[in-house]
$ cat input30.tsv   # TSV, C-alpha atoms
chain	number	residue	atom	x	y	z
U	292	MET	CA	-46.32	-17.95	-7.88
U	293	LYS	CA	-43.14	-19.97	-7.76
U	294	ARG	CA	-41.14	-16.93	-8.93
U	295	LYS	CA	-42.74	-14.77	-6.21
U	296	THR	CA	-41.87	-17.36	-3.57
U	297	MET	CA	-38.26	-17.45	-4.74
U	298	ILE	CA	-38.03	-13.64	-4.63
U	299	MET	CA	-39.47	-13.57	-1.10
U	300	ALA	CA	-37.05	-16.27	-0.01
U	301	ALA	CA	-34.12	-14.35	-1.47
U	302	ALA	CA	-35.26	-11.16	0.22
U	303	GLY	CA	-35.55	-13.03	3.50
U	304	ALA	CA	-32.02	-14.36	3.11
U	305	MET	CA	-30.75	-10.85	2.44
U	306	MET	CA	-32.52	-9.57	5.56
U	307	ILE	CA	-30.95	-12.33	7.64
U	308	ALA	CA	-27.53	-11.55	6.20
U	309	SER	CA	-28.07	-7.85	6.82
U	310	GLY	CA	-29.21	-8.56	10.39
U	311	ALA	CA	-26.12	-10.65	11.04
U	312	ALA	CA	-23.89	-7.86	9.80
U	313	LYS	CA	-25.68	-5.32	11.98
U	314	ALA	CA	-25.32	-7.66	14.95
U	315	ASP	CA	-21.54	-7.33	14.88
U	316	ILE	CA	-20.11	-5.34	17.78
U	317	LEU	CA	-18.32	-2.34	16.32
U	318	ILE	CA	-15.07	-1.40	18.08
U	319	GLY	CA	-12.40	1.14	17.24
U	320	PHE	CA	-8.67	1.69	17.29
U	321	GLN	CA	-6.99	5.09	17.49
U	322	GLY	CA	-3.22	5.50	17.26
U	323	PRO	CA	-0.27	6.88	15.27
U	324	LEU	CA	-0.18	4.77	12.12
U	325	THR	CA	1.84	7.47	10.40
U	326	GLY	CA	4.38	10.02	11.63
U	327	SER	CA	7.40	9.77	13.90
U	328	ASN	CA	5.61	7.52	16.40
U	329	ALA	CA	4.26	5.07	13.82
U	330	ALA	CA	6.39	2.26	15.27
U	331	PHE	CA	4.26	2.40	18.42
U	332	GLY	CA	1.08	2.65	16.38
U	333	ASP	CA	2.15	-0.53	14.62
U	334	GLN	CA	2.78	-2.26	17.95
U	335	MET	CA	-0.65	-1.24	19.23
U	336	LYS	CA	-2.48	-2.12	16.01
U	337	ARG	CA	-0.91	-5.58	15.93
U	338	GLY	CA	-2.03	-6.19	19.50
U	339	PHE	CA	-5.52	-4.92	18.74
U	340	ASP	CA	-5.90	-7.00	15.57
U	341	GLN	CA	-4.62	-10.17	17.22
U	342	ALA	CA	-6.99	-9.76	20.17
U	343	VAL	CA	-9.95	-9.27	17.85
U	344	LYS	CA	-8.92	-12.34	15.86
U	345	ASP	CA	-8.48	-14.50	18.96
U	346	ILE	CA	-11.71	-13.37	20.64
U	347	ASN	CA	-13.72	-13.89	17.47
U	348	ALA	CA	-12.21	-17.35	17.02
U	349	ALA	CA	-13.36	-18.19	20.56
U	350	GLY	CA	-16.95	-17.19	19.79
U	351	GLY	CA	-16.86	-13.41	20.03
U	352	VAL	CA	-18.61	-11.35	22.69
U	353	LEU	CA	-22.22	-12.01	23.69
U	354	GLY	CA	-22.44	-14.37	20.72
U	355	GLN	CA	-21.45	-11.64	18.29
U	356	LYS	CA	-18.27	-11.00	16.33
U	357	LEU	CA	-16.10	-7.95	16.96
U	358	SER	CA	-15.90	-5.72	13.89
U	359	PRO	CA	-12.84	-3.41	14.00
U	360	ASN	CA	-12.44	0.13	12.67
U	361	ALA	CA	-8.94	1.66	12.82
U	362	GLN	CA	-8.20	5.38	12.59
U	363	ASP	CA	-4.82	7.13	12.38
U	364	ASP	CA	-4.25	10.10	14.70
U	365	ALA	CA	-0.53	10.59	13.87
U	366	CYS	CA	-0.12	11.76	17.51
U	367	ASP	CA	-1.63	15.08	16.43
U	368	PRO	CA	-4.37	16.54	18.68
U	369	LYS	CA	-6.48	17.88	15.80
U	370	GLN	CA	-6.21	14.66	13.84
U	371	ALA	CA	-7.03	12.74	17.02
U	372	VAL	CA	-10.30	14.64	17.41
U	373	ALA	CA	-11.11	13.98	13.75
U	374	ALA	CA	-10.33	10.28	14.22
U	375	ALA	CA	-12.50	10.16	17.33
U	376	ASN	CA	-15.40	11.79	15.49
U	377	LYS	CA	-15.09	9.23	12.68
U	378	LEU	CA	-15.25	6.40	15.19
U	379	ALA	CA	-18.20	8.00	16.99
U	380	SER	CA	-20.02	8.41	13.66
U	381	ALA	CA	-19.38	4.73	12.94
U	382	ASN	CA	-21.18	3.89	16.22
U	383	VAL	CA	-18.33	2.00	17.84
U	384	VAL	CA	-18.91	1.10	21.49
U	385	PHE	CA	-15.26	0.83	22.54
U	386	VAL	CA	-11.94	2.38	21.45
U	387	ASP	CA	-8.45	1.01	22.03
U	388	GLY	CA	-6.27	4.14	22.08
U	389	GLY	CA	-4.43	6.33	21.81
U	390	PHE	CA	-0.68	6.37	22.24
U	391	CYS	CA	0.29	10.02	22.76
U	392	SER	CA	-1.33	11.69	25.77
U	393	GLY	CA	-1.72	14.88	23.74
U	394	SER	CA	-4.00	12.94	21.39
U	395	SER	CA	-5.82	10.74	23.89
U	396	ILE	CA	-6.91	13.63	26.09
U	397	PRO	CA	-8.78	15.71	23.46
U	398	ALA	CA	-10.21	12.54	21.89
U	399	SER	CA	-11.59	11.47	25.28
U	400	ALA	CA	-14.06	14.38	25.23
U	401	VAL	CA	-15.51	13.14	21.94
U	402	TYR	CA	-15.85	9.63	23.35
U	403	ALA	CA	-17.44	10.93	26.55
U	404	ASP	CA	-20.07	12.86	24.56
U	405	ALA	CA	-20.79	9.80	22.42
U	406	GLY	CA	-20.93	7.32	25.32
U	407	ILE	CA	-17.95	5.30	24.10
U	408	LEU	CA	-15.61	3.36	26.37
U	409	GLN	CA	-11.96	4.42	25.88
U	410	ILE	CA	-9.07	2.35	27.22
U	411	SER	CA	-5.59	3.63	26.44
U	412	PRO	CA	-2.76	1.13	26.33
U	413	ALA	CA	-0.05	3.79	26.47
U	414	SER	CA	-1.06	7.34	27.43
U	415	THR	CA	0.65	8.07	30.73
U	416	ASN	CA	-0.09	11.75	31.46
U	417	PRO	CA	-2.05	11.95	34.74
U	418	ALA	CA	-4.52	14.44	33.23
U	419	LEU	CA	-6.10	11.73	31.07
U	420	THR	CA	-7.87	10.07	33.98
U	421	ASP	CA	-7.63	12.90	36.53
U	422	ASP	CA	-9.58	15.34	34.35
U	423	ALA	CA	-12.12	12.71	33.32
U	424	ALA	CA	-12.78	11.89	36.97
U	425	LYS	CA	-13.18	15.59	37.86
U	426	LYS	CA	-15.76	15.95	35.08
U	427	GLY	CA	-17.67	12.89	36.25
U	428	TRP	CA	-17.03	10.89	33.09
U	429	ASN	CA	-17.27	7.12	33.33
U	430	ASN	CA	-15.63	6.20	30.02
U	431	VAL	CA	-11.86	6.78	30.38
U	432	TYR	CA	-9.36	4.13	31.50
U	433	ARG	CA	-5.78	3.06	30.86
U	434	VAL	CA	-3.84	-0.17	31.35
U	435	CYS	CA	-0.42	1.51	31.61
U	436	GLY	CA	0.92	3.51	34.55
U	437	ARG	CA	1.13	7.29	35.04
U	438	ASP	CA	3.91	9.81	34.66
U	439	ASP	CA	3.82	10.75	38.33
U	440	GLN	CA	4.81	7.12	38.97
U	441	GLN	CA	7.27	6.95	36.08
U	442	GLY	CA	8.88	10.30	36.84
U	443	GLY	CA	9.25	9.25	40.46
U	444	VAL	CA	11.31	6.22	39.45
U	445	ALA	CA	13.45	8.21	37.01
U	446	GLY	CA	14.06	11.03	39.47
U	447	ALA	CA	15.01	8.63	42.25
U	448	TYR	CA	17.44	6.81	39.94
U	449	LEU	CA	19.13	10.04	38.84
U	450	ALA	CA	19.36	11.29	42.43
U	451	ALA	CA	21.00	8.04	43.51
U	452	HIS	CA	23.50	7.76	40.64
U	453	PHE	CA	24.23	11.37	39.62
U	454	LYS	CA	23.69	13.30	42.83
U	455	SER	CA	27.02	15.13	42.72
U	456	LYS	CA	27.17	15.49	38.93
U	457	PRO	CA	25.57	18.05	36.58
U	458	ILE	CA	22.17	16.95	35.25
U	459	ALA	CA	20.25	18.49	32.35
U	460	ILE	CA	16.48	18.22	32.04
U	461	ILE	CA	15.07	18.68	28.54
U	462	ASP	CA	11.53	18.27	27.21
U	463	ASP	CA	9.83	18.58	23.84
U	464	LYS	CA	6.91	20.78	25.03
U	465	SER	CA	4.39	18.00	24.36
U	466	THR	CA	1.76	17.00	26.92
U	467	TYR	CA	3.62	13.75	27.47
U	468	GLY	CA	7.19	15.06	27.33
U	469	LYS	CA	6.76	18.13	29.50
U	470	GLY	CA	4.60	16.24	32.00
U	471	LEU	CA	7.18	13.49	32.35
U	472	ALA	CA	10.07	15.95	32.70
U	473	ASP	CA	8.12	17.92	35.33
U	474	GLU	CA	7.47	14.81	37.42
U	475	THR	CA	11.11	13.69	37.16
U	476	ARG	CA	12.34	17.16	38.16
U	477	LYS	CA	9.93	17.22	41.11
U	478	THR	CA	11.33	13.96	42.48
U	479	LEU	CA	14.91	14.99	41.80
U	480	ASN	CA	14.46	18.31	43.61
U	481	LYS	CA	12.77	16.64	46.59
U	482	ALA	CA	15.88	14.47	46.89
U	483	GLY	CA	17.97	17.64	47.22
U	484	VAL	CA	19.34	17.61	43.67
U	485	LYS	CA	19.03	20.73	41.53
U	486	GLU	CA	19.37	20.38	37.78
U	487	ALA	CA	22.26	22.26	36.14
U	488	MET	CA	20.27	22.94	32.97
U	489	ASP	CA	16.59	23.15	32.10
U	490	GLU	CA	15.82	23.42	28.38
U	491	GLN	CA	13.08	22.76	25.86
U	492	ILE	CA	13.20	21.64	22.24
U	493	THR	CA	10.49	21.43	19.61
U	494	ALA	CA	9.29	17.99	18.52
U	495	GLY	CA	10.47	17.44	14.96
U	496	ASP	CA	13.79	19.29	15.39
U	497	LYS	CA	16.72	17.50	13.78
U	498	ASP	CA	19.81	19.53	14.73
U	499	PHE	CA	20.71	19.76	18.42
U	500	SER	CA	24.25	21.12	18.02
U	501	ALA	CA	23.60	24.33	19.95
U	502	LEU	CA	21.93	22.46	22.80
U	503	ILE	CA	24.76	19.97	23.00
U	504	SER	CA	27.34	22.77	23.04
U	505	LYS	CA	25.56	24.28	26.05
U	506	MET	CA	25.62	20.92	27.81
U	507	LYS	CA	29.31	20.44	27.06
U	508	ALA	CA	30.05	23.85	28.57
U	509	LYS	CA	28.30	22.81	31.77
U	510	HIS	CA	29.97	19.36	31.81
U	511	ILE	CA	26.61	17.58	31.88
U	512	ALA	CA	26.93	13.97	33.02
U	513	ALA	CA	23.27	12.91	32.69
U	514	ILE	CA	20.47	14.12	30.44
U	515	TYR	CA	16.85	13.50	31.32
U	516	PHE	CA	14.74	13.81	28.18
U	517	GLY	CA	10.96	14.10	28.34
U	518	GLY	CA	9.79	13.32	24.83
U	519	TYR	CA	9.59	10.73	22.10
U	520	VAL	CA	12.01	8.24	20.63
U	521	THR	CA	13.08	10.07	17.45
U	522	GLU	CA	14.39	13.15	19.23
U	523	ALA	CA	15.85	11.02	22.03
U	524	GLY	CA	17.80	9.05	19.43
U	525	LEU	CA	19.04	12.14	17.61
U	526	ILE	CA	20.19	13.84	20.82
U	527	THR	CA	22.01	10.67	21.87
U	528	ARG	CA	23.77	10.22	18.54
U	529	GLN	CA	24.71	13.88	18.08
U	530	ALA	CA	25.98	14.17	21.65
U	531	ASN	CA	28.25	11.21	21.02
U	532	GLU	CA	29.47	12.70	17.75
U	533	GLN	CA	30.29	15.98	19.49
U	534	GLY	CA	32.19	14.30	22.30
U	535	LEU	CA	29.60	14.66	25.07
U	536	LYS	CA	29.60	11.36	26.96
U	537	ALA	CA	26.55	12.07	29.09
U	538	VAL	CA	24.08	9.27	29.84
U	539	LEU	CA	20.62	9.96	28.41
U	540	MET	CA	17.58	8.76	30.34
U	541	SER	CA	14.02	8.95	29.06
U	542	GLY	CA	10.58	7.44	29.47
U	543	ASP	CA	8.42	4.71	28.02
U	544	SER	CA	8.63	5.79	24.37
U	545	MET	CA	11.97	3.98	24.07
U	546	PRO	CA	11.22	0.25	23.71
U	547	THR	CA	11.36	0.13	19.92
U	548	GLN	CA	14.15	-0.76	17.50
U	549	ASP	CA	13.66	2.68	15.95
U	550	PHE	CA	15.91	4.04	18.71
U	551	TRP	CA	18.85	1.79	17.83
U	552	GLN	CA	18.37	2.44	14.13
U	553	ILE	CA	18.94	6.13	14.84
U	554	THR	CA	21.80	5.81	17.32
U	555	GLY	CA	23.70	2.65	16.45
U	556	SER	CA	26.33	1.84	19.08
U	557	ALA	CA	26.08	5.39	20.47
U	558	GLY	CA	22.82	4.25	22.09
U	559	SER	CA	24.56	1.78	24.42
U	560	GLY	CA	24.05	2.79	28.03
U	561	THR	CA	20.89	4.81	27.34
U	562	LEU	CA	18.34	4.36	30.14
U	563	PHE	CA	14.56	4.50	30.18
U	564	THR	CA	11.65	3.70	32.43
U	565	PHE	CA	9.03	1.13	31.48
U	566	ASN	CA	6.92	-1.48	33.21
U	567	PRO	CA	8.41	-4.89	34.00
U	568	ASP	CA	8.64	-6.99	30.85
U	569	PRO	CA	5.06	-7.88	29.84
U	570	MET	CA	6.37	-10.66	27.57
U	571	ALA	CA	7.67	-12.45	30.68
U	572	SER	CA	4.20	-12.71	32.22
U	573	PRO	CA	3.01	-16.35	32.37
U	574	SER	CA	-0.39	-15.22	31.12
U	575	ALA	CA	1.25	-13.79	27.98
U	576	LYS	CA	3.18	-16.91	26.92
U	577	LYS	CA	0.59	-18.27	24.50
U	578	ILE	CA	0.13	-14.93	22.76
U	579	VAL	CA	3.87	-14.18	22.69
U	580	ASP	CA	4.44	-17.57	21.07
U	581	GLU	CA	1.68	-16.81	18.58
U	582	PHE	CA	3.29	-13.50	17.59
U	583	SER	CA	6.76	-15.04	17.50
U	584	ALA	CA	5.58	-17.78	15.16
U	585	GLY	CA	4.59	-15.03	12.75
U	586	GLY	CA	8.03	-13.44	12.97
U	587	PHE	CA	6.99	-10.49	15.17
U	588	LYS	CA	8.33	-9.64	18.61
U	589	PRO	CA	5.45	-8.18	20.67
U	590	GLU	CA	7.58	-5.50	22.35
U	591	GLY	CA	6.58	-2.13	23.74
U	592	TYR	CA	2.83	-1.62	23.82
U	593	THR	CA	1.72	-4.61	21.72
U	594	LEU	CA	0.46	-6.64	24.67
U	595	TYR	CA	-1.00	-3.57	26.37
U	596	SER	CA	-3.18	-3.03	23.33
U	597	TYR	CA	-4.17	-6.70	23.30
U	598	ALA	CA	-5.17	-6.39	26.97
U	599	THR	CA	-7.51	-3.44	26.34
U	600	VAL	CA	-9.61	-5.55	23.98
U	601	GLN	CA	-9.64	-8.41	26.49
U	602	ILE	CA	-10.89	-6.05	29.18
U	603	PHE	CA	-13.71	-4.70	27.02
U	604	ALA	CA	-14.75	-8.24	26.07
U	605	GLN	CA	-14.78	-9.41	29.70
U	606	ALA	CA	-16.66	-6.32	30.94
U	607	ALA	CA	-19.30	-6.53	28.20
U	608	THR	CA	-19.76	-10.25	28.82
U	609	ALA	CA	-20.22	-9.70	32.54
U	610	ALA	CA	-22.59	-6.77	31.94
U	611	LYS	CA	-24.46	-8.70	29.24
U	612	SER	CA	-24.42	-5.42	27.37
U	613	THR	CA	-22.14	-3.15	25.34
U	614	LYS	CA	-23.77	0.07	26.59
U	615	LEU	CA	-21.32	2.31	28.44
U	616	THR	CA	-23.60	2.74	31.47
U	617	ASP	CA	-23.68	-1.03	31.95
U	618	VAL	CA	-20.06	-1.77	31.06
U	619	ALA	CA	-18.67	1.04	33.27
U	620	LYS	CA	-20.16	-0.60	36.36
U	621	LYS	CA	-18.16	-3.73	35.63
U	622	MET	CA	-15.00	-1.77	34.86
U	623	HIS	CA	-14.79	-0.67	38.49
U	624	SER	CA	-16.00	-3.85	40.16
U	625	MET	CA	-14.17	-6.62	38.30
U	626	THR	CA	-10.67	-8.02	38.22
U	627	PHE	CA	-9.72	-8.62	34.59
U	628	HIS	CA	-7.57	-11.53	33.51
U	629	THR	CA	-5.30	-10.34	30.72
U	630	VAL	CA	-1.99	-11.02	28.97
U	631	LEU	CA	-0.51	-8.45	31.35
U	632	GLY	CA	-1.75	-10.39	34.36
U	633	ASP	CA	-4.72	-9.46	36.55
U	634	ILE	CA	-5.85	-5.83	36.31
U	635	LYS	CA	-8.23	-3.95	38.59
U	636	PHE	CA	-9.05	-0.27	38.13
U	637	ASP	CA	-9.25	2.43	40.79
U	638	LYS	CA	-11.98	5.08	40.90
U	639	LYS	CA	-10.19	7.25	38.33
U	640	GLY	CA	-9.70	4.45	35.81
U	641	ASP	CA	-6.01	3.81	36.50
U	642	PRO	CA	-4.73	0.26	37.03
U	643	MET	CA	-3.98	-0.55	40.65
U	644	GLY	CA	-0.47	-1.59	41.57
U	645	SER	CA	1.25	-0.61	38.32
U	646	GLY	CA	4.95	0.14	38.64
U	647	TYR	CA	7.99	1.15	36.64
U	648	VAL	CA	11.56	-0.12	36.50
U	649	VAL	CA	14.71	1.10	34.77
U	650	TRP	CA	15.80	-0.44	31.48
U	651	GLU	CA	19.06	-0.05	29.55
U	652	TRP	CA	19.93	-0.19	25.85
U	653	GLY	CA	23.03	-2.09	24.76
U	654	ASN	CA	24.19	-3.98	21.65
U	655	GLY	CA	20.94	-3.42	19.78
U	656	SER	CA	18.58	-4.63	22.50
U	657	TYR	CA	17.33	-3.52	25.90
U	658	ALA	CA	17.03	-5.24	29.25
U	659	MET	CA	15.75	-4.47	32.75
U	660	LEU	CA	18.42	-3.43	35.20
U	661	PRO	CA	18.63	-5.36	38.46
U	662	LYS	CA	16.32	-3.91	41.11
U	663	GLN	CA	17.90	-0.85	42.69
U	664	GLY	CA	18.04	-0.42	46.44

$ encode --input "input30.tsv" --output "structure tokens"
Amino acid sequence: MKRKTMIMAAAGAMMIASGAAKADILIGFQGPLTGSNAAFGDQMKRGFDQAVKDINAAGGVLGQKLSPNAQDDACDPKQAVAAANKLASANVVFVDGGFCSGSSIPASAVYADAGILQISPASTNPALTDDAAKKGWNNVYRVCGRDDQQGGVAGAYLAAHFKSKPIAIIDDKSTYGKGLADETRKTLNKAGVKEAMDEQITAGDKDFSALISKMKAKHIAAIYFGGYVTEAGLITRQANEQGLKAVLMSGDSMPTQDFWQITGSAGSGTLFTFNPDPMASPSAKKIVDEFSAGGFKPEGYTLYSYATVQIFAQAATAAKSTKLTDVAKKMHSMTFHTVLGDIKFDKKGDPMGSGYVVWEWGNGSYAMLPKQG
């Protein structure tokens, strides 16, 4: 009888332990942990992990711990869909991701079908939220800005500083790169400036000698590149080596030391658009100090990724539920207090009031330029 009682007690303890494990809130991460954009995947994953750690240390969400599941999409659309299906099969209720728009957009369909909240820290192509809104989805959001905002700032800057000089517009054919180049061109043309060259490359190309020769022949003074940091760095370095002194300007894939590692001093003077420094936000100080104490600078999209987890936690707490139908109502009605400052979403799922500024590389680091008139 005593043995039977002990067995029943042990079984009961196992059931309690099993119940506690099942009570964890399962959340996902999707981003490029491998490939040419892995530096940004690392930024995002660090932000995600730190947010999970901090929220769990403060008691979790709805009295439950967050249990993370990370999947690599390598910024590849097919791999992104596979990653999304893995997360859906794991029954996550929220996903922080992805980085590349070309991955986030196809993954969003999987998340919509599965009823999973998706908040991207970094995907800027307008189609991510525009298409979701047209389809009546309630699961897609982002904490970064959009390329029609970013391209507007880049185009206005080029029109103001290179109006009478030859400008080349180049993109890498990706959803992000082509979309950003298109928006920049649109603003430039509206300002009465016509580009002297309009070319495309293929992501992954290493030798841009022929392209640079064409630009030299046209005396290009400024290059706008819609694409990612590896190709931007190679074009910058090779142009310098071939005697083309044009200024390269690009988008928000540039705030990573990977760029300077490719270019060295040839990268000085390179321009890019990004949001105002998130590390300077008063609400980020504690977290920035926490990262810095561990020897990591939370640059680029680190804090954006941290903020996505904060937003999910606050929305679920307010909704008293992790179900998408309940959480989505709070996503549109609340103001969220994050490391990026206060965030409120519009009807499409874009953050209200987001804006871009121009940054410049020099001496191995980058800084915001003074506000342009």

$ atom_distance --input "input30.tsv" --atom1 "atom CA of Lys505 of chain U" --atom2 "atom CA of Thr493 of chain U"
16.6 Å

$ closest_atom_pairs --input "input30.tsv" --of "segment 402-425 of chain U" --to "segment 635-643 of chain U" --cutoff "10 Å" --atoms "all atoms listed in the file" --output "Markdown table"
| residue | atom | partner | partner_atom | distance |
| --- | --- | --- | --- | --- |
| U:Ile410 | CA | U:Gly640 | CA | 8.9 |
| U:Thr415 | CA | U:Asp641 | CA | 9.8 |
| U:Pro417 | CA | U:Asp641 | CA | 9.2 |
| U:Leu419 | CA | U:Gly640 | CA | 9.4 |
| U:Thr420 | CA | U:Lys639 | CA | 5.7 |
| U:Asp421 | CA | U:Lys639 | CA | 6.5 |
| U:Asp422 | CA | U:Lys639 | CA | 9.0 |
| U:Ala423 | CA | U:Lys639 | CA | 7.7 |
| U:Ala424 | CA | U:Lys639 | CA | 5.5 |
| U:Lys425 | CA | U:Lys639 | CA | 8.9 |

$ closest_residue --input "input30.tsv" --among "U:Ser414, U:Asn430, U:Ser572, U:Asn531" --to "Thr466 of chain U" --atoms "all atoms listed in the file"
U:Ser414

$ atom_distance --input "input30.tsv" --atom1 "atom CA of Ala610 of chain U" --atom2 "atom CA of Gly350 of chain U"
17.0 Å

$ atom_distance --input "input30.tsv" --atom1 "atom CA of Ala374 of chain U" --atom2 "atom CA of Gln362 of chain U"
5.6 Å

$ closest_residue --input "input30.tsv" --among "U:Gly436, U:Gly393, U:Pro573, U:Pro412" --to "Val372 of chain U" --atoms "all atoms listed in the file"
U:Gly393

$ closest_residue --input "input30.tsv" --among "U:Asn360, U:Asp367, U:Gly351, U:Gly322" --to "Ser411 of chain U" --atoms "all atoms listed in the file"
U:Gly322

$ build_atoms --input "input30.tsv" --residues "segment 345-358 of chain U" --atoms "N, CA, C and O atoms" --output "compact mmCIF listing (two decimals), keeping the file's coordinate frame"
# COMPACT_ATOMS: atom_id res chain seq x y z
N ASP U 345 -8.41 -13.43 17.98
CA ASP U 345 -8.48 -14.50 18.96
C ASP U 345 -9.85 -14.56 19.64
O ASP U 345 -10.40 -15.65 19.87
N ILE U 346 -10.40 -13.41 19.97
CA ILE U 346 -11.71 -13.37 20.64
C ILE U 346 -12.81 -13.85 19.68
O ILE U 346 -13.71 -14.61 20.08
N ASN U 347 -12.73 -13.42 18.45
CA ASN U 347 -13.72 -13.89 17.47
C ASN U 347 -13.63 -15.39 17.25
O ASN U 347 -14.64 -16.09 17.10
N ALA U 348 -12.40 -15.91 17.22
CA ALA U 348 -12.21 -17.35 17.02
C ALA U 348 -12.78 -18.16 18.18
O ALA U 348 -13.19 -19.31 18.02
N ALA U 349 -12.83 -17.51 19.37
CA ALA U 349 -13.36 -18.19 20.56
C ALA U 349 -14.87 -17.99 20.72
O ALA U 349 -15.44 -18.39 21.73
N GLY U 350 -15.50 -17.36 19.73
CA GLY U 350 -16.95 -17.19 19.79
C GLY U 350 -17.42 -15.76 19.90
O GLY U 350 -18.63 -15.49 19.94
N GLY U 351 -16.48 -14.82 19.98
CA GLY U 351 -16.86 -13.41 20.03
C GLY U 351 -17.30 -12.96 21.41
O GLY U 351 -16.91 -13.55 22.43
N VAL U 352 -18.11 -11.94 21.44
CA VAL U 352 -18.61 -11.35 22.69
C VAL U 352 -20.13 -11.35 22.64
O VAL U 352 -20.73 -10.85 21.67
N LEU U 353 -20.76 -11.93 23.64
CA LEU U 353 -22.22 -12.01 23.69
C LEU U 353 -22.78 -12.69 22.44
O LEU U 353 -23.84 -12.32 21.93
N GLY U 354 -22.01 -13.65 21.91
CA GLY U 354 -22.44 -14.37 20.72
C GLY U 354 -22.30 -13.60 19.43
O GLY U 354 -22.80 -14.04 18.38
N GLN U 355 -21.63 -12.47 19.48
CA GLN U 355 -21.45 -11.64 18.29
C GLN U 355 -19.96 -11.45 17.99
O GLN U 355 -19.13 -11.48 18.90
N LYS U 356 -19.65 -11.24 16.74
CA LYS U 356 -18.27 -11.00 16.33
C LYS U 356 -17.90 -9.54 16.57
O LYS U 356 -18.74 -8.65 16.47
N LEU U 357 -16.62 -9.31 16.87
CA LEU U 357 -16.10 -7.95 16.96
C LEU U 357 -15.73 -7.48 15.56
O LEU U 357 -15.05 -8.19 14.81
N SER U 358 -16.19 -6.29 15.20
CA SER U 358 -15.90 -5.72 13.89
C SER U 358 -15.04 -4.47 14.08
O SER U 358 -15.52 -3.46 14.62
